[in-house]
$ cat structure_2.pdb   # PDB, C-alpha atoms
ATOM      1  CA  ILE A 436     138.498  87.245  93.035
ATOM      2  CA  SER A 437     138.769  85.091  96.129
ATOM      3  CA  LEU A 438     137.106  85.795  99.447
ATOM      4  CA  ARG A 439     138.561  84.990 102.856
ATOM      5  CA  LEU A 440     136.680  85.213 106.150
ATOM      6  CA  GLU A 441     138.705  85.512 109.364
ATOM      7  CA  GLY A 442     137.557  85.591 112.977
ATOM      8  CA  ALA A 443     134.974  84.027 115.200
ATOM      9  CA  ASN A 444     131.218  84.240 114.742
ATOM     10  CA  LEU A 445     129.654  87.424 116.062
ATOM     11  CA  TYR A 446     126.197  87.227 117.611
ATOM     12  CA  LEU A 447     124.283  90.477 117.245
ATOM     13  CA  PRO A 448     120.824  91.808 118.026
ATOM     14  CA  ALA A 449     118.603  91.888 114.927
ATOM     15  CA  GLN A 450     118.944  95.641 114.287
ATOM     16  CA  GLN A 451     122.751  95.553 114.460
ATOM     17  CA  ALA A 452     122.869  92.402 112.323
ATOM     18  CA  THR A 453     120.739  94.029 109.621
ATOM     19  CA  SER A 454     122.877  97.173 109.543
ATOM     20  CA  CYS A 455     126.086  95.097 109.450
ATOM     21  CA  ALA A 456     124.767  92.993 106.567
ATOM     22  CA  LEU A 457     124.032  96.122 104.517
ATOM     23  CA  ILE A 458     127.418  97.628 105.369
ATOM     24  CA  VAL A 459     129.399  94.479 104.523
ATOM     25  CA  ASN A 460     127.485  94.063 101.258
ATOM     26  CA  GLU A 461     128.220  97.635 100.163
ATOM     27  CA  LEU A 462     131.899  97.545 101.123
ATOM     28  CA  MET A 463     132.488  94.182  99.425
ATOM     29  CA  GLN A 464     130.678  95.344  96.322
ATOM     30  CA  ASN A 465     132.859  98.483  96.226
ATOM     31  CA  ALA A 466     136.031  96.418  96.669
ATOM     32  CA  VAL A 467     135.203  94.135  93.758
ATOM     33  CA  LYS A 468     133.729  96.809  91.489
ATOM     34  CA  HIS A 469     136.416  99.465  91.939
ATOM     35  CA  GLY A 470     139.492  97.597  93.148
ATOM     36  CA  TYR A 471     139.838  95.121  90.305
ATOM     37  CA  THR A 472     138.825  96.988  87.166
ATOM     38  CA  ASP A 473     142.242  96.385  85.559
ATOM     39  CA  ARG A 474     142.980  93.018  87.192
ATOM     40  CA  SER A 475     141.541  89.561  86.842
ATOM     41  CA  ALA A 476     142.522  88.219  90.269
ATOM     42  CA  GLY A 477     142.779  89.337  93.861
ATOM     43  CA  THR A 478     141.619  88.716  97.413
ATOM     44  CA  VAL A 479     139.028  90.395  99.594
ATOM     45  CA  VAL A 480     139.336  89.635 103.321
ATOM     46  CA  VAL A 481     136.542  90.099 105.849
ATOM     47  CA  ARG A 482     137.801  90.117 109.451
ATOM     48  CA  LEU A 483     135.481  89.891 112.439
ATOM     49  CA  LEU A 484     137.047  91.064 115.689
ATOM     50  CA  GLU A 485     135.558  91.091 119.172
ATOM     51  CA  ARG A 486     137.120  93.184 121.878
ATOM     52  CA  GLU A 487     135.991  93.706 125.456
ATOM     53  CA  ASN A 488     133.285  96.304 124.789
ATOM     54  CA  GLU A 489     133.266  96.645 121.020
ATOM     55  CA  LEU A 490     133.084  94.767 117.763
ATOM     56  CA  CYS A 491     135.009  95.454 114.585
ATOM     57  CA  ILE A 492     134.355  94.419 110.993
ATOM     58  CA  GLU A 493     137.250  95.030 108.648
ATOM     59  CA  ILE A 494     137.107  94.546 104.892
ATOM     60  CA  SER A 495     140.355  94.800 102.979
ATOM     61  CA  ASP A 496     141.318  94.149  99.402
ATOM     62  CA  ASP A 497     144.569  93.998  97.489
ATOM     63  CA  GLY A 498     143.131  95.914  94.558
ATOM     64  CA  ALA A 499     144.106  99.213  92.959
ATOM     65  CA  GLY A 500     143.212 101.430  95.929
ATOM     66  CA  PHE A 501     141.744 104.909  95.707
ATOM     67  CA  PRO A 502     143.144 107.385  93.202
ATOM     68  CA  GLY A 503     145.583 109.819  94.807
ATOM     69  CA  SER A 504     143.047 112.647  94.599
ATOM     70  CA  PHE A 505     140.231 110.710  96.317
ATOM     71  CA  ASP A 506     138.666 112.531  99.265
ATOM     72  CA  ARG A 507     135.829 110.599 100.909
ATOM     73  CA  SER A 508     134.130 113.774 102.121
ATOM     74  CA  GLU A 509     134.063 115.183  98.579
ATOM     75  CA  ASN A 510     134.094 112.090  96.361
ATOM     76  CA  GLY A 511     132.028 109.791  98.565
ATOM     77  CA  HIS A 512     129.507 108.002  96.450
ATOM     78  CA  LEU A 513     126.012 107.261  97.643
ATOM     79  CA  GLY A 514     127.074 103.803  98.857
ATOM     80  CA  LEU A 515     129.767 105.212 101.152
ATOM     81  CA  GLN A 516     127.356 107.859 102.406
ATOM     82  CA  ILE A 517     124.858 105.127 103.283
ATOM     83  CA  VAL A 518     127.578 103.125 105.047
ATOM     84  CA  ASN A 519     128.619 106.198 107.010
ATOM     85  CA  THR A 520     125.020 106.889 108.059
ATOM     86  CA  LEU A 521     124.382 103.271 109.089
ATOM     87  CA  VAL A 522     127.570 103.171 111.145
ATOM     88  CA  LYS A 523     126.960 106.488 112.910
ATOM     89  CA  GLU A 524     123.181 106.396 113.334
ATOM     90  CA  ASP A 525     122.323 102.709 113.696
ATOM     91  CA  LEU A 526     125.501 101.254 115.199
ATOM     92  CA  LYS A 527     126.722 104.383 117.045
ATOM     93  CA  GLY A 528     130.181 103.515 115.780
ATOM     94  CA  ARG A 529     133.124 104.716 113.707
ATOM     95  CA  PHE A 530     133.857 104.216 110.009
ATOM     96  CA  GLU A 531     137.423 104.501 108.732
ATOM     97  CA  ILE A 532     138.971 103.912 105.325
ATOM     98  CA  ALA A 533     142.691 103.528 104.720
ATOM     99  CA  ASN A 534     144.304 103.569 101.304
ATOM    100  CA  GLY A 535     147.485 101.564 100.803
ATOM    101  CA  GLN A 536     148.061  98.297  98.999
ATOM    102  CA  GLY A 537     144.375  98.218  98.210
ATOM    103  CA  VAL A 538     141.742  99.623 100.536
ATOM    104  CA  THR A 539     140.885  98.711 104.119
ATOM    105  CA  ALA A 540     137.507  99.744 105.518
ATOM    106  CA  ARG A 541     136.960  99.376 109.258
ATOM    107  CA  VAL A 542     133.672  99.604 111.132
ATOM    108  CA  THR A 543     133.924  99.639 114.926
ATOM    109  CA  PHE A 544     130.874  99.808 117.184
ATOM    110  CA  PRO A 545     129.822  99.135 120.786
ATOM    111  CA  LYS A 546     128.860  95.616 121.718
ATOM    112  CA  LEU A 547     125.198  95.240 122.661
ATOM    113  CA  ALA A 548     123.709  92.193 124.291
ATOM    114  CA  ALA A 549     122.373  89.842 121.652
ATOM    115  CA  ALA A 550     119.057  88.149 122.231
ATOM    116  CA  PRO A 551     119.609  84.669 123.633
ATOM    117  CA  ARG A 552     119.709  81.999 120.966
ATOM    118  CA  ARG A 553     116.919  79.479 121.309
ATOM    119  CA  LEU A 554     117.210  75.844 120.516
ATOM    120  CA  GLN A 555     114.637  74.762 118.003
ATOM    121  CA  GLU A 556     111.990  72.660 119.571
ATOM    122  CA  GLY A 557     110.472  69.722 117.811
ATOM    123  CA  PRO A 558     106.768  69.479 117.068
ATOM    124  CA  ALA A 559     104.506  69.457 120.107
ATOM    125  CA  ASN A 560     103.155  66.032 121.041
TER     126      ASN A 560
END

$ encode --input "structure_2.pdb" --output "structure tokens"
Amino acid sequence: ISLRLEGANLYLPAQQATSCALIVNELMQNAVKHGYTDRSAGTVVVRLLERENELCIEISDDGAGFPGSFDRSENGHLGLQIVNTLVKEDLKGRFEIANGQGVTARVTFPKLAAAPRRLQEGPAN
């Protein structure tokens, strides 16, 4: 399975960064675990998008996709429930999943001001 990262760096406040890390980890793990059970190769793409007032993280795979009977509200596993909670409660955003040629998961949330990045200072003289 190959991984491709697209988009510019996103600078986030610590709380948003932590939630995003957990969300990306869960969605990538789901893509690899469930999308490629009958295949030995594929691609998972992580896209980082910045719009005027919001940020978007999109994870898509070219795997098997959800079974035709899959309903997230009924069949959502604990991992997807955690993702949904993190997106709604921590990020105040939206979580969407589309089934097609693989699965695309999209997390969109309001842009908050990130803490200014500091340059590392050398040792005091």

$ residues_around --input "structure_2.pdb" --residues "stretch 486-493 of chain A" --least-positions-apart "5" --cutoff "12 Å" --atoms "only C-alpha atoms" --output "count of residues only"
42

$ atom_distance --input "structure_2.pdb" --atom1 "atom CA of A:Ser437" --atom2 "atom CA of A:Thr520"
28.4 Å

$ atom_distance --input "structure_2.pdb" --atom1 "atom CA of A:Ser495" --atom2 "atom CA of A:Leu483"
11.7 Å

$ residues_around --input "structure_2.pdb" --residues "A:Gly500" --least-positions-apart "5" --cutoff "10 Å" --atoms "all atoms listed in the file" --output "PyMOL selection string"
chain A and resi 466+469-471+505+533-539

$ write_last_selection --input "structure_2.pdb" --atoms "C-alpha atoms" --output "PDB file, keeping the file's coordinate frame"
ATOM      1  CA  ALA A 466     136.031  96.418  96.669  1.00  0.00           C
ATOM      2  CA  HIS A 469     136.416  99.465  91.939  1.00  0.00           C
ATOM      3  CA  GLY A 470     139.492  97.597  93.148  1.00  0.00           C
ATOM      4  CA  TYR A 471     139.838  95.121  90.305  1.00  0.00           C
ATOM      5  CA  PHE A 505     140.231 110.710  96.317  1.00  0.00           C
ATOM      6  CA  ALA A 533     142.691 103.528 104.720  1.00  0.00           C
ATOM      7  CA  ASN A 534     144.304 103.569 101.304  1.00  0.00           C
ATOM      8  CA  GLY A 535     147.485 101.564 100.803  1.00  0.00           C
ATOM      9  CA  GLN A 536     148.061  98.297  98.999  1.00  0.00           C
ATOM     10  CA  GLY A 537     144.375  98.218  98.210  1.00  0.00           C
ATOM     11  CA  VAL A 538     141.742  99.623 100.536  1.00  0.00           C
ATOM     12  CA  THR A 539     140.885  98.711 104.119  1.00  0.00           C
TER      13      THR A 539
END

$ residues_around --input "structure_2.pdb" --residues "A:Glu461" --least-positions-apart "4" --cutoff "7 Å" --atoms "only C-alpha atoms" --output "VMD selection string"
chain A and resid 457 465 514

$ axis_aligned_box --input "structure_2.pdb" --around "stretch 460-466 of chain A" --padding-each-side "4 Å" --output "JSON"
{"center_x": 131.8, "center_y": 96.3, "center_z": 98.7, "size_x": 16.5, "size_y": 12.4, "size_z": 13.0}

$ atom_distance --input "structure_2.pdb" --atom1 "atom CA of A:Thr453" --atom2 "atom CA of A:Ile517"
13.4 Å

$ residues_around --input "structure_2.pdb" --residues "A:Val467" --least-positions-apart "6" --cutoff "9 Å" --atoms "only C-alpha atoms" --output "PyMOL selection string"
chain A and resi 436+477+479+496+498
